[in-house]
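Asker: This is the content of target_5.txt (compact mmCIF, C-alpha atoms):
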```txt
# COMPACT_ATOMS: atom_id res chain seq x y z
CA MET A 1 84.76 137.67 125.44
CA ILE A 2 83.03 139.89 128.04
CA LEU A 3 79.47 138.76 128.82
CA GLU A 4 76.47 140.98 128.22
CA LEU A 5 74.65 142.21 131.32
CA LYS A 6 71.27 140.68 132.22
CA GLU A 7 68.22 142.70 131.20
CA GLY A 8 65.54 141.08 133.39
CA LEU A 9 64.91 140.35 137.06
CA THR A 10 65.33 136.62 136.46
CA TYR A 11 67.34 134.52 134.03
CA GLY A 12 67.86 130.87 133.26
CA PRO A 13 67.67 128.34 134.72
CA VAL A 14 71.36 128.08 133.97
CA ARG A 15 73.42 124.93 134.40
CA SER A 16 76.03 125.64 137.06
CA ARG A 17 79.03 123.43 137.81
CA ARG A 18 78.40 124.04 141.49
CA LEU A 19 74.61 124.43 141.85
CA GLY A 20 73.08 122.46 139.00
CA ALA A 21 69.93 124.00 137.48
CA SER A 22 69.74 127.49 138.99
CA LEU A 23 67.18 130.24 138.38
CA GLY A 24 69.11 133.48 138.64
CA ILE A 25 67.64 136.46 140.49
CA ASN A 26 69.08 139.73 139.20
CA LEU A 27 68.38 142.69 141.50
CA PHE A 28 69.98 145.19 139.06
CA PRO A 29 68.23 144.66 135.71
CA GLY A 30 68.39 146.82 132.63
CA GLY A 31 72.02 146.37 131.61
CA SER A 32 73.54 148.26 134.55
CA LYS A 33 76.18 146.70 136.79
CA ARG A 34 76.13 147.73 140.47
CA CYS A 35 79.09 146.58 142.51
CA PRO A 36 81.41 147.68 145.34
CA PHE A 37 84.32 146.09 143.42
CA ASP A 38 85.91 146.69 140.03
CA CYS A 39 87.68 143.33 139.71
CA VAL A 40 90.29 143.01 136.98
CA TYR A 41 88.81 139.64 135.97
CA CYS A 42 85.06 140.44 136.03
CA GLN A 43 83.20 138.58 133.28
CA TYR A 44 80.85 141.58 132.91
CA GLY A 45 83.63 144.11 132.35
CA TRP A 46 84.69 147.16 134.35
CA THR A 47 82.43 148.71 136.99
CA ARG A 48 81.68 152.29 135.93
CA GLU A 49 81.25 153.52 139.49
CA THR A 50 81.86 151.43 142.60
CA ALA A 51 79.60 151.99 145.59
CA VAL A 52 79.20 150.58 149.09
CA ARG A 53 75.58 151.76 149.42
CA LEU A 54 72.85 152.70 146.96
CA ASP A 55 70.08 155.26 147.36
CA PRO A 56 66.93 153.54 146.02
CA LYS A 57 65.35 156.89 145.14
CA ILE A 58 68.22 157.75 142.83
CA ALA A 59 69.12 154.29 141.54
CA ALA A 60 65.54 153.30 140.50
CA LEU A 61 65.91 149.82 141.97
CA PRO A 62 63.24 147.09 141.83
CA ALA A 63 61.04 146.72 144.91
CA PRO A 64 60.53 143.42 146.81
CA ASP A 65 56.99 143.01 145.39
CA GLU A 66 58.34 143.35 141.85
CA VAL A 67 61.10 140.80 142.42
CA GLU A 68 58.71 138.33 144.06
CA ARG A 69 56.29 138.57 141.12
CA ALA A 70 59.11 138.07 138.62
CA VAL A 71 60.37 134.93 140.37
CA VAL A 72 56.87 133.44 140.60
CA LEU A 73 56.22 134.21 136.92
CA ALA A 74 59.52 132.63 135.87
CA LEU A 75 58.75 129.50 137.87
CA GLU A 76 55.30 129.21 136.31
CA GLY A 77 56.99 128.93 132.92
CA LEU A 78 59.14 125.96 133.94
CA SER A 79 58.18 122.31 133.56
CA GLU A 80 59.79 121.53 136.93
CA PRO A 81 61.24 123.60 139.78
CA PRO A 82 64.98 124.39 139.59
CA ALA A 83 67.47 123.05 142.11
CA TYR A 84 68.25 126.60 143.28
CA LEU A 85 66.85 130.11 143.39
CA THR A 86 70.08 132.11 143.31
CA PHE A 87 70.74 135.79 143.97
CA SER A 88 73.35 136.76 141.41
CA GLY A 89 73.21 138.80 138.20
CA ASN A 90 74.61 142.23 137.35
CA GLY A 91 76.94 142.91 140.24
CA GLU A 92 76.61 142.38 143.98
CA PRO A 93 73.09 141.37 145.14
CA THR A 94 73.66 142.33 148.78
CA LEU A 95 74.18 145.93 147.62
CA HIS A 96 70.40 146.29 147.15
CA PRO A 97 69.01 148.17 150.19
CA ASP A 98 66.08 145.71 150.42
CA PHE A 99 68.22 142.58 150.16
CA PRO A 100 67.13 141.19 153.58
CA GLU A 101 63.45 141.46 152.61
CA MET A 102 64.19 139.96 149.19
CA VAL A 103 65.70 136.95 150.97
CA ASP A 104 62.57 136.47 153.06
CA ARG A 105 60.31 136.77 150.00
CA VAL A 106 62.33 134.22 148.01
CA ASN A 107 62.54 131.88 151.01
CA GLY A 108 58.73 131.99 151.13
CA ILE A 109 58.57 130.97 147.47
CA ARG A 110 61.04 128.16 148.12
CA ARG A 111 58.93 126.80 150.97
CA ARG A 112 55.94 126.58 148.65
CA LEU A 113 58.02 124.71 146.06
CA GLY A 114 59.16 122.04 148.52
CA ALA A 115 62.40 120.46 149.63
CA GLY A 116 63.72 119.92 146.11
CA THR A 117 64.56 123.62 145.68
CA ARG A 118 67.03 125.60 147.77
CA THR A 119 67.99 129.27 147.99
CA ALA A 120 71.49 130.63 147.48
CA ALA A 121 73.52 133.79 146.96
CA LEU A 122 76.69 134.36 144.96
CA SER A 123 78.34 137.29 146.73
CA ASN A 124 81.69 139.07 146.56
CA SER A 125 81.49 139.47 150.38
CA ALA A 126 81.84 143.27 150.29
CA ARG A 127 78.69 143.84 152.37
CA VAL A 128 79.25 141.03 154.87
CA THR A 129 80.43 143.64 157.35
CA ASP A 130 76.77 144.78 157.74
CA PRO A 131 74.96 142.75 160.45
CA ALA A 132 71.61 142.96 158.59
CA VAL A 133 73.21 141.58 155.43
CA ARG A 134 74.95 138.81 157.39
CA ASP A 135 71.68 137.78 159.04
CA ALA A 136 69.94 137.73 155.65
CA LEU A 137 72.68 135.59 154.12
CA ALA A 138 72.44 133.22 157.08
CA ARG A 139 68.72 132.71 156.31
CA LEU A 140 69.52 131.31 152.86
CA ASP A 141 70.23 127.62 152.35
CA VAL A 142 73.62 128.26 150.71
CA ARG A 143 76.08 131.17 150.85
CA ILE A 144 78.89 131.24 148.27
CA MET A 145 81.19 134.12 149.20
CA LYS A 146 84.27 135.45 147.41
CA LEU A 147 87.71 135.80 148.95
CA ASP A 148 90.39 136.03 146.27
CA CYS A 149 93.24 137.61 148.20
CA GLY A 150 95.17 137.32 151.44
CA THR A 151 96.77 140.75 151.68
CA GLU A 152 95.34 144.26 151.56
CA ALA A 153 97.74 145.22 148.76
CA ALA A 154 96.58 142.40 146.48
CA PHE A 155 92.94 143.07 147.38
CA ARG A 156 93.24 146.71 146.33
CA ARG A 157 94.98 145.82 143.08
CA TYR A 158 92.99 142.71 142.11
CA ASN A 159 89.46 143.45 143.39
CA ARG A 160 89.75 147.26 143.23
CA PRO A 161 87.21 147.96 146.01
CA ALA A 162 85.23 151.12 146.65
CA ARG A 163 86.72 153.56 149.13
CA GLY A 164 86.29 152.48 152.75
CA LEU A 165 86.33 148.73 152.14
CA THR A 166 89.18 146.71 153.64
CA LEU A 167 90.08 143.06 153.34
CA GLY A 168 90.51 142.78 157.10
CA ALA A 169 86.95 143.94 157.85
CA ILE A 170 85.52 141.66 155.15
CA ALA A 171 87.44 138.65 156.51
CA ASP A 172 86.13 139.44 160.01
CA GLY A 173 82.59 139.60 158.61
CA LEU A 174 83.04 136.25 156.89
CA ARG A 175 84.27 134.70 160.13
CA THR A 176 81.18 136.00 161.95
CA LEU A 177 78.91 134.74 159.16
CA ALA A 178 80.55 131.31 159.31
CA GLU A 179 79.67 131.16 163.00
CA LEU A 180 75.99 131.67 162.06
CA SER A 181 75.73 129.30 159.08
CA PRO A 182 78.10 127.21 156.93
CA VAL A 183 79.96 129.32 154.36
CA THR A 184 81.47 128.29 151.05
CA ILE A 185 84.35 130.46 149.87
CA GLN A 186 85.10 130.96 146.19
CA ALA A 187 88.46 132.19 144.97
CA LEU A 188 89.57 133.01 141.44
CA VAL A 189 93.31 132.77 140.98
CA SER A 190 94.98 134.08 137.85
CA GLY A 191 98.49 134.71 136.63
CA GLY A 192 99.96 137.58 134.68
CA ALA A 193 101.02 141.08 135.71
CA ALA A 194 97.55 141.88 137.11
CA GLY A 195 97.01 138.48 138.71
CA ASN A 196 97.11 137.20 142.28
CA LEU A 197 99.17 134.06 141.72
CA ASP A 198 102.03 134.49 144.17
CA GLU A 199 103.50 132.17 146.79
CA ALA A 200 103.45 134.69 149.66
CA GLU A 201 99.96 135.82 148.67
CA GLY A 202 98.81 132.22 148.70
CA ARG A 203 100.09 131.71 152.24
CA ALA A 204 98.33 134.88 153.41
CA TRP A 205 95.10 133.71 151.73
CA ILE A 206 95.29 130.37 153.54
CA ASP A 207 95.83 132.17 156.84
CA ARG A 208 92.63 134.16 156.19
CA LEU A 209 90.75 130.94 155.49
CA ALA A 210 92.06 129.33 158.66
CA ALA A 211 90.60 132.24 160.67
CA ILE A 212 87.25 132.14 158.84
CA ARG A 213 86.84 128.34 159.01
CA PRO A 214 84.60 127.89 155.93
CA ALA A 215 82.71 124.65 155.33
CA ALA A 216 84.18 124.44 151.83
CA VAL A 217 86.40 126.35 149.41
CA GLN A 218 86.01 126.39 145.62
CA LEU A 219 89.21 127.30 143.81
CA TYR A 220 89.30 128.02 140.09
CA THR A 221 90.91 130.14 137.38
CA LEU A 222 89.81 132.10 134.33
CA ALA A 223 87.17 130.54 132.09
CA ARG A 224 85.82 133.66 130.32
CA GLY A 225 87.03 136.95 128.94
CA THR A 226 88.38 139.62 131.30
CA PRO A 227 88.49 143.43 131.12
CA SER A 228 92.21 143.45 131.98
CA THR A 229 94.60 142.33 129.26
CA GLU A 230 97.27 141.52 131.86
CA LEU A 231 95.76 138.26 133.10
CA VAL A 232 96.35 134.64 132.16
CA SER A 233 94.87 131.43 133.49
CA ALA A 234 96.67 129.88 136.45
CA PRO A 235 98.11 126.39 135.82
CA VAL A 236 96.04 123.65 137.41
CA THR A 237 99.22 122.44 139.15
CA ALA A 238 99.44 125.79 140.96
CA LEU A 239 95.81 125.53 142.05
CA ARG A 240 96.40 122.03 143.37
CA ARG A 241 99.46 123.17 145.33
CA LEU A 242 97.31 125.84 146.97
CA ALA A 243 94.59 123.30 147.69
CA ASP A 244 97.08 120.86 149.22
CA ALA A 245 98.62 123.59 151.41
CA ALA A 246 95.18 124.60 152.65
CA GLY A 247 94.21 120.98 153.20
CA ALA A 248 97.27 120.53 155.42
CA LYS A 249 95.67 123.13 157.73
CA GLY A 250 92.32 121.38 157.72
CA ILE A 251 90.68 123.62 155.11
CA PRO A 252 88.69 121.63 152.51
CA VAL A 253 89.47 123.00 149.03
CA THR A 254 88.11 121.69 145.72
CA VAL A 255 89.79 122.71 142.46
CA PHE A 256 87.37 123.36 139.60
```
Show this structure as structure tokens.
Answerer:
Amino acid sequence: MILELKEGLTYGPVRSRRLGASLGINLFPGGSKRCPFDCVYCQYGWTRETAVRLDPKIAALPAPDEVERAVVLALEGLSEPPAYLTFSGNGEPTLHPDFPEMVDRVNGIRRRLGAGTRTAALSNSARVTDPAVRDALARLDVRIMKLDCGTEAAFRRYNRPARGLTLGAIADGLRTLAELSPVTIQALVSGGAAGNLDEAEGRAWIDRLAAIRPAAVQLYTLARGTPSTELVSAPVTALRRLADAAGAKGIPVTVF
């Protein structure tokens, strides 16, 4: 089943397998997904129109003041602070033109909450080629960045990026980001005609990881509905083979 898009600027806290209790920060509220990718597996369905940049005057995006007020209001309604304040939601948070300022505003809230709460972003990595976005991501406590593919051909078929985006440039951006702050890579592997489960593709993906040198890699398969009908979950044995091959090159991979 495809998930419904988030209506508000915040949601949760949700219980995450990776982050625990996380208050989600949704920079694209109102049931509209904004993303540079149109991934075949996206839990929110197809992207109507991919974009690398948004014009705030046309897109009617929330301003930093509005987002800050929404986060503070959500926190006031909780009995205890969440483990994380996480940029996520309807699409790619770094696509918001004011993302760097949003990071600074949310970091200020986190400092007032104390050491028990951290800040994070779940990103598909499409905007990591922008130095301002990289610097903003580096100012968060945790960066969880997507890298599903090892070859340009698989990237174009599986992630279906907006025109002008290349896997090579994104991988270079991730390597630069990893030099600034520790990076966790997430990868979703799936089988089927539209999937990315392939031995040669797996080797190319590991080579990308070896160049990026992430602090950790989270590897998983389908757990929700997908817009493509040509996908199936990858066997856990296949995920473990990938993890073992990456581990042999010094890349720490955890299978979820």
Asker: What's around Gly116 (chain A) at 10 Å? Count only C-alpha atoms, leave out sequence neighbours fewer than 5 positions away in its own chain, and write the answer as a list in words.
Answerer: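 My reading of the contact set: Pro81, Pro82, Ala83, Tyr84, Arg110 and Arg111 of chain A.
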Asker: Can you write out as JSON lines which residues of region 193-249 of chain A fall within 10 Å of region 141-144 of chain A, alongside each residue's closest atom pair and its distance in Å to one decimal, counting all atoms listed in the file and ordering rows by chain and ascending residue number?
Answerer:
```
{"residue": "A:Ala216", "atom": "CA", "partner": "A:Ile144", "partner_atom": "CA", "distance": 9.3}
{"residue": "A:Val217", "atom": "CA", "partner": "A:Ile144", "partner_atom": "CA", "distance": 9.0}
{"residue": "A:Gln218", "atom": "CA", "partner": "A:Ile144", "partner_atom": "CA", "distance": 9.0}
```
Asker: What are the centre and edge lengths in Å, to one decimal, of the axis-aligned box around all listed atoms of region 133-148 of chain A with 3 Å added on each side, as lines of an AutoDock Vina configuration file?
Answerer:
```
center_x = 79.6
center_y = 134.6
center_z = 152.7
size_x = 27.7
size_y = 20.0
size_z = 18.8
```
Asker: Name the closest residue to Ser16 (chain A) among the candidates A:Thr86, A:Ala70, A:Pro93, A:Leu222; distances are taken between atoms, counting all atoms listed in the file.
Answerer: A:Thr86
Asker: Find the residues around region 18-27 of chain A up to 8 Å (all atoms listed in the file counted), leave out those fewer than 4 positions away in its own chain, and share them as a list in words.
Answerer: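 In the requested form, the answer reads Lys6, Gly8, Leu9, Thr10, Tyr11, Gly12, Pro13, Val14, Leu61, Pro62, Val67, Val71, Pro82, Ala83, Tyr84, Leu85, Thr86, Phe87, Ser88, Gly89, Asn90, Pro93 and His96 of chain A.
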Asker: Of the candidates A:Asp65, A:Glu49, A:Asp244, A:Asp38, which shows the shortest atom-to-atom distance to Asp104 (chain A), using all atoms listed in the file?
Answerer: A:Asp65
Asker: Report, in Å to a single decimal, how far apart CA of Leu140 (chain A) and CA of Ile109 (chain A) are.
Answerer: 12.2 Å
Asker: Using only C-alpha atoms, which of the listed residues (A:Glu179, A:Glu230, A:Asp148, A:Glu76) sits closest to Gly191 (chain A)?
Answerer: A:Glu230
Asker: Which residue gives the smallest distance to Val255 (chain A) among A:Thr237, A:Asn196, A:Thr117, A:Asn107, with all atoms listed in the file counted?
Answerer: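 So, comparing all the options, the nearest one is A:Thr237.
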Asker: Would you pick out the contacts of Asp172 (chain A) at 12 Å or less, using only C-alpha atoms, so that residues sharing its chain but fewer than 2 positions from it are not included, and give the list as a list in words?
Answerer: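 Contacts, with the query itself left out: Ser125, Ala126, Arg127, Val128, Thr129, Asp130, Pro131, Arg134, Leu147, Thr166, Leu167, Gly168, Ala169, Ile170, Leu174, Arg175, Thr176, Leu177, Ala178, Glu179, Arg208, Leu209, Ala210, Ala211, Ile212 and Arg213 of chain A.
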Asker: May I have the residues from that selection written out with C-alpha atoms, as a PDB file, in the frame of the given file?
Answerer:
```pdb
ATOM      1  CA  SER A 125      81.490 139.470 150.380  1.00  0.00           C
ATOM      2  CA  ALA A 126      81.840 143.270 150.290  1.00  0.00           C
ATOM      3  CA  ARG A 127      78.690 143.840 152.370  1.00  0.00           C
ATOM      4  CA  VAL A 128      79.250 141.030 154.870  1.00  0.00           C
ATOM      5  CA  THR A 129      80.430 143.640 157.350  1.00  0.00           C
ATOM      6  CA  ASP A 130      76.770 144.780 157.740  1.00  0.00           C
ATOM      7  CA  PRO A 131      74.960 142.750 160.450  1.00  0.00           C
ATOM      8  CA  ARG A 134      74.950 138.810 157.390  1.00  0.00           C
ATOM      9  CA  LEU A 147      87.710 135.800 148.950  1.00  0.00           C
ATOM     10  CA  THR A 166      89.180 146.710 153.640  1.00  0.00           C
ATOM     11  CA  LEU A 167      90.080 143.060 153.340  1.00  0.00           C
ATOM     12  CA  GLY A 168      90.510 142.780 157.100  1.00  0.00           C
ATOM     13  CA  ALA A 169      86.950 143.940 157.850  1.00  0.00           C
ATOM     14  CA  ILE A 170      85.520 141.660 155.150  1.00  0.00           C
ATOM     15  CA  LEU A 174      83.040 136.250 156.890  1.00  0.00           C
ATOM     16  CA  ARG A 175      84.270 134.700 160.130  1.00  0.00           C
ATOM     17  CA  THR A 176      81.180 136.000 161.950  1.00  0.00           C
ATOM     18  CA  LEU A 177      78.910 134.740 159.160  1.00  0.00           C
ATOM     19  CA  ALA A 178      80.550 131.310 159.310  1.00  0.00           C
ATOM     20  CA  GLU A 179      79.670 131.160 163.000  1.00  0.00           C
ATOM     21  CA  ARG A 208      92.630 134.160 156.190  1.00  0.00           C
ATOM     22  CA  LEU A 209      90.750 130.940 155.490  1.00  0.00           C
ATOM     23  CA  ALA A 210      92.060 129.330 158.660  1.00  0.00           C
ATOM     24  CA  ALA A 211      90.600 132.240 160.670  1.00  0.00           C
ATOM     25  CA  ILE A 212      87.250 132.140 158.840  1.00  0.00           C
ATOM     26  CA  ARG A 213      86.840 128.340 159.010  1.00  0.00           C
TER      27      ARG A 213
END
```
Asker: What is the distance between CA of Val133 (chain A) and CA of Thr50 (chain A), in Å to one decimal?
Answerer: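 Pair CA of Val133 (chain A) / CA of Thr50 (chain A) returns 18.3 Å.
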